[in-house]
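**Q** Sharing run-v2.tsv below, TSV, C-alpha atoms:
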```tsv
chain	number	residue	atom	x	y	z
A	1	MET	CA	-180.13	49.79	100.25
A	2	ASP	CA	-181.52	53.13	99.09
A	3	ARG	CA	-179.84	56.20	100.47
A	4	MET	CA	-181.52	59.56	100.34
A	5	GLY	CA	-180.22	62.86	101.58
A	6	SER	CA	-182.33	65.83	102.55
A	7	PRO	CA	-182.11	69.28	104.09
A	8	GLN	CA	-183.52	69.40	107.60
A	9	ARG	CA	-185.57	71.62	109.86
A	10	VAL	CA	-184.80	71.70	113.57
A	11	PHE	CA	-187.21	72.15	116.48
A	12	ALA	CA	-186.47	72.39	120.19
A	13	LEU	CA	-188.86	71.79	123.06
A	14	ARG	CA	-188.78	71.37	126.80
A	15	LEU	CA	-191.16	69.11	128.67
A	16	GLY	CA	-191.80	69.61	132.37
A	17	PRO	CA	-192.47	67.47	135.43
A	18	GLY	CA	-195.22	64.88	135.02
A	19	GLN	CA	-195.47	65.08	131.22
A	20	GLU	CA	-195.25	61.80	129.32
A	21	LEU	CA	-192.36	62.03	126.87
A	22	LEU	CA	-193.47	59.68	124.06
A	23	SER	CA	-197.05	60.95	123.76
A	24	SER	CA	-195.86	64.57	124.02
A	25	LEU	CA	-193.42	64.02	121.15
A	26	GLN	CA	-196.08	62.29	119.07
A	27	ALA	CA	-198.48	65.21	119.66
A	28	PHE	CA	-195.71	67.67	118.69
A	29	VAL	CA	-195.15	65.79	115.41
A	30	GLU	CA	-198.88	65.59	114.63
A	31	GLU	CA	-199.52	69.28	115.40
A	32	ARG	CA	-196.76	70.34	113.03
A	33	GLU	CA	-197.58	67.66	110.44
A	34	LEU	CA	-193.96	66.49	110.29
A	35	LYS	CA	-193.46	63.79	107.64
A	36	ALA	CA	-189.93	62.55	108.41
A	37	PRO	CA	-189.24	63.39	112.08
A	38	PHE	CA	-186.37	62.06	114.16
A	39	ILE	CA	-184.67	62.71	117.49
A	40	ILE	CA	-181.44	64.69	117.30
A	41	THR	CA	-180.76	64.78	121.04
A	42	CYS	CA	-182.46	64.64	124.41
A	43	VAL	CA	-181.36	65.22	127.99
A	44	GLY	CA	-183.42	65.11	131.13
A	45	SER	CA	-184.83	62.74	133.69
A	46	VAL	CA	-187.80	60.40	134.15
A	47	THR	CA	-189.48	58.64	137.05
A	48	LYS	CA	-191.06	55.83	135.03
A	49	ALA	CA	-190.40	53.96	131.82
A	50	THR	CA	-191.80	50.94	129.97
A	51	LEU	CA	-189.25	49.31	127.67
A	52	ARG	CA	-189.08	46.25	125.44
A	53	LEU	CA	-185.71	44.58	125.83
A	54	ALA	CA	-183.28	43.60	123.09
A	55	ASN	CA	-184.09	39.89	123.08
A	56	ALA	CA	-187.42	40.42	121.29
A	57	SER	CA	-187.97	38.07	118.35
A	58	LEU	CA	-190.75	36.88	116.09
A	59	GLU	CA	-191.69	34.32	118.73
A	60	ASN	CA	-191.19	36.54	121.82
A	61	THR	CA	-192.10	40.19	121.31
A	62	ASN	CA	-193.20	40.81	124.88
A	63	GLU	CA	-190.02	40.88	127.00
A	64	VAL	CA	-191.05	44.11	128.75
A	65	VAL	CA	-189.76	45.89	131.85
A	66	GLN	CA	-191.66	48.54	133.77
A	67	LEU	CA	-189.34	50.81	135.71
A	68	GLN	CA	-190.33	53.13	138.55
A	69	GLU	CA	-187.47	55.14	139.97
A	70	ARG	CA	-185.55	58.28	139.08
A	71	PHE	CA	-183.38	57.95	135.99
A	72	GLU	CA	-181.24	60.33	133.96
A	73	ILE	CA	-181.84	60.14	130.21
A	74	VAL	CA	-178.42	59.19	128.84
A	75	SER	CA	-179.58	58.79	125.25
A	76	LEU	CA	-182.79	58.90	123.22
A	77	VAL	CA	-182.64	58.06	119.52
A	78	GLY	CA	-185.01	57.07	116.76
A	79	THR	CA	-187.72	58.13	114.35
A	80	LEU	CA	-191.02	59.72	115.34
A	81	ASN	CA	-193.27	58.75	112.45
A	82	THR	CA	-196.35	56.71	113.36
A	83	PRO	CA	-195.69	54.43	115.06
A	84	ALA	CA	-192.59	55.97	116.62
A	85	HIS	CA	-189.48	53.81	116.91
A	86	LEU	CA	-187.40	55.09	119.81
A	87	HIS	CA	-184.64	53.54	121.90
A	88	ILE	CA	-183.57	54.99	125.22
A	89	SER	CA	-180.71	54.52	127.67
A	90	LEU	CA	-181.35	55.44	131.29
A	91	ALA	CA	-178.93	55.71	134.22
A	92	ASP	CA	-180.02	55.07	137.81
A	93	LYS	CA	-178.71	56.76	141.00
A	94	ASP	CA	-175.64	54.50	140.95
A	95	GLY	CA	-174.86	55.16	137.29
A	96	ARG	CA	-176.02	51.73	136.11
A	97	THR	CA	-177.72	51.85	132.75
A	98	ILE	CA	-180.62	50.05	131.15
A	99	GLY	CA	-181.91	50.56	127.67
A	100	GLY	CA	-184.45	49.31	125.23
A	101	HIS	CA	-187.28	50.06	122.83
A	102	VAL	CA	-189.61	52.73	124.23
A	103	LEU	CA	-193.16	51.50	124.77
A	104	GLY	CA	-194.30	54.48	126.82
A	105	ASP	CA	-194.78	55.63	130.41
A	106	LEU	CA	-191.76	57.94	130.19
A	107	GLU	CA	-192.87	60.32	132.91
A	108	VAL	CA	-190.65	63.40	133.09
A	109	PHE	CA	-189.12	64.02	136.53
A	110	THR	CA	-187.51	67.49	136.27
A	111	THR	CA	-187.14	68.23	132.57
A	112	ALA	CA	-186.75	66.73	129.13
A	113	GLU	CA	-184.96	68.98	126.66
A	114	VAL	CA	-185.50	67.55	123.21
A	115	VAL	CA	-184.22	68.59	119.80
A	116	VAL	CA	-186.26	67.12	116.95
A	117	GLY	CA	-185.24	67.16	113.31
A	118	GLU	CA	-187.27	66.70	110.18
A	119	ALA	CA	-185.86	65.59	106.83
A	120	SER	CA	-187.63	68.19	104.70
A	121	ASP	CA	-187.58	66.26	101.40
A	122	LEU	CA	-188.47	62.83	102.81
A	123	HIS	CA	-191.49	60.96	104.11
A	124	PHE	CA	-191.19	58.15	106.67
A	125	THR	CA	-193.71	55.30	106.85
A	126	ARG	CA	-193.62	51.80	108.28
A	127	GLU	CA	-194.42	48.46	106.68
A	128	LEU	CA	-194.47	45.03	108.22
A	129	ASP	CA	-191.25	43.20	107.38
A	130	SER	CA	-191.87	39.45	107.19
A	131	ARG	CA	-188.19	38.81	108.03
A	132	THR	CA	-188.37	40.61	111.39
A	133	GLY	CA	-192.05	40.49	112.24
A	134	PHE	CA	-191.98	44.20	113.02
A	135	PRO	CA	-193.15	47.30	111.16
A	136	GLU	CA	-189.88	48.65	109.70
A	137	LEU	CA	-188.96	52.06	108.33
A	138	VAL	CA	-189.68	52.91	104.71
A	139	VAL	CA	-188.02	56.10	103.43
A	140	GLN	CA	-189.53	57.84	100.42
A	141	ARG	CA	-189.04	61.15	98.66
A	142	ARG	CA	-191.92	63.55	99.21
A	143	PRO	CA	-193.86	64.37	96.09
A	144	GLU	CA	-192.99	67.87	94.92
A	145	GLN	CA	-195.47	70.42	96.12
A	146	ILE	CA	-197.46	71.97	93.29
A	147	SER	CA	-199.14	75.30	93.97
A	148	PRO	CA	-202.78	75.94	92.99
A	149	CYS	CA	-201.61	77.81	89.86
A	150	GLY	CA	-199.66	74.75	88.71
A	151	LYS	CA	-196.14	75.94	89.57
A	152	LYS	CA	-193.67	73.95	91.61
```
Can the structure in the file be given as structure tokens, please?

**A**
Amino acid sequence: MDRMGSPQRVFALRLGPGQELLSSLQAFVEERELKAPFIITCVGSVTKATLRLANASLENTNEVVQLQERFEIVSLVGTLNTPAHLHISLADKDGRTIGGHVLGDLEVFTTAEVVVGEASDLHFTRELDSRTGFPELVVQRRPEQISPCGKK
């Protein structure tokens, strides 16, 4: 297991009613050309969510639930490189929770206050892992930036 540390940059954004959380975060990352983005924290609420449940395997990758009711976002974690790998926990009106891998349709109800970090010295990519059948995270050091005059 390779371990790499890095300084980080921090960004904060607020999404409003009707915005789709996943695609909004992906657009945010693309616009800023973030190379190693991740979720630091998120609070808010949604009215819809599409999640893949934890029993996914090589043989069954499609155990999906589509939710349509008001939920509080209890937790949102993961990396935002392409494709994003996010997990969410949601609480319903009775406090019951459901969680899983975010597939999309996270429609903001009142707000989503998100803090995004970027590991400044790293670059995240994904490669298919034959052991899991899923594209898994690959962490690499960014090549040092060389200016046009040849200085680092």

**Q** Considering all atoms listed in the file, can you say which of A:Ser120, A:Gln68, A:Gln26, A:Gln140 comes closest to Leu86 in chain A?

**A**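 Selected residue with least distance to Leu86 in chain A: A:Gln26.
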
**Q** CA of Cys42 in chain A and CA of His101 in chain A, how far apart in Å?

**A** 15.4 Å

**Q** When you draw a straight line from CA of Asn62 in chain A to CA of Pro135 in chain A, how long is it in Å?

**A**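 About the pair CA of Asn62 in chain A and CA of Pro135 in chain A: they are 15.2 Å apart.
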
**Q** Between CA of Pro37 in chain A and CA of Glu20 in chain A, what is the distance, to one decimal in Å?

**A** 18.3 Å

**Q** Looking at A:Leu13, A:Val46, A:Leu51, A:Val29, which one is nearest to Val74 in chain A, with distances taken over all atoms listed in the file?

**A** A:Val46

**Q** List every protein, DNA or RNA residue with an atom no more than 10 Å from (-184.2, 61.2, 136.3) in the file's coordinates, counting only C-alpha atoms, and format the result as a list in words.

**A**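 Looking at atoms near the point gives Val43, Gly44, Ser45, Val46, Thr47, Lys48, Glu69, Arg70, Phe71, Glu72, Ile73, Val74, Leu90, Ala91, Asp92, Lys93, Glu107, Val108, Phe109, Thr110, Thr111 and Ala112 of chain A.
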
**Q** For a quick check of understanding, using all atoms listed in the file, which of A:Ser75, A:Thr132, A:Phe11, A:Arg96 has the smallest distance to Phe38 in chain A?

**A** A:Phe11

**Q** Could you list, as a VMD selection string, every residue within 9 Å of Met4 in chain A, counting only C-alpha atoms and ignoring same-chain residues fewer than 2 positions away?

**A** chain A and resid 2 6 122 139 to 141

**Q** Go through A:Glu118, A:His123, A:Asp105, A:Arg142 and flag the residue nearest Gln19 in chain A, using all atoms listed in the file for the distances.

**A**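 Comparing A:Glu118, A:His123, A:Asp105, A:Arg142 against Gln19 in chain A, the winner is A:Asp105.
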
**Q** When you count all atoms listed in the file, which of these residues is closest to Gln8 in chain A: A:Leu25, A:Val65, A:Ile39, A:Ile88?

**A**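 Ranked by minimum distance to Gln8 in chain A, first place goes to A:Ile39.
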
**Q** So that I can see what lies close to Thr41 in chain A, please list as a list in words the residues with an atom at most 10 Å from it, counting only C-alpha atoms and leaving out residues fewer than 6 positions away in the same chain.

**A**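 Everything that qualifies: Ala12, Val74, Ser75, Leu76, Val77, Gly78, Glu113, Val114, Val115, Val116 and Gly117 of chain A.
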
**Q** Taking (-181.4, 49.1, 125.9) in the file's own coordinates, collect the residues within 7 Å, counting all atoms listed in the file, and hand them back as a tab-separated table (two decimals) with C-alpha atoms, keeping the file's coordinate frame.

**A**
```tsv
chain	number	residue	atom	x	y	z
A	53	LEU	CA	-185.71	44.58	125.83
A	54	ALA	CA	-183.28	43.60	123.09
A	87	HIS	CA	-184.64	53.54	121.90
A	88	ILE	CA	-183.57	54.99	125.22
A	89	SER	CA	-180.71	54.52	127.67
A	98	ILE	CA	-180.62	50.05	131.15
A	99	GLY	CA	-181.91	50.56	127.67
A	100	GLY	CA	-184.45	49.31	125.23
A	101	HIS	CA	-187.28	50.06	122.83
```

**Q** Quick one: of A:Ala119, A:Ala84, A:Leu128, A:Leu137, who's nearest to Glu30 in chain A, counting only C-alpha atoms?

**A**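 Closest to Glu30 in chain A of all the choices is A:Ala84.
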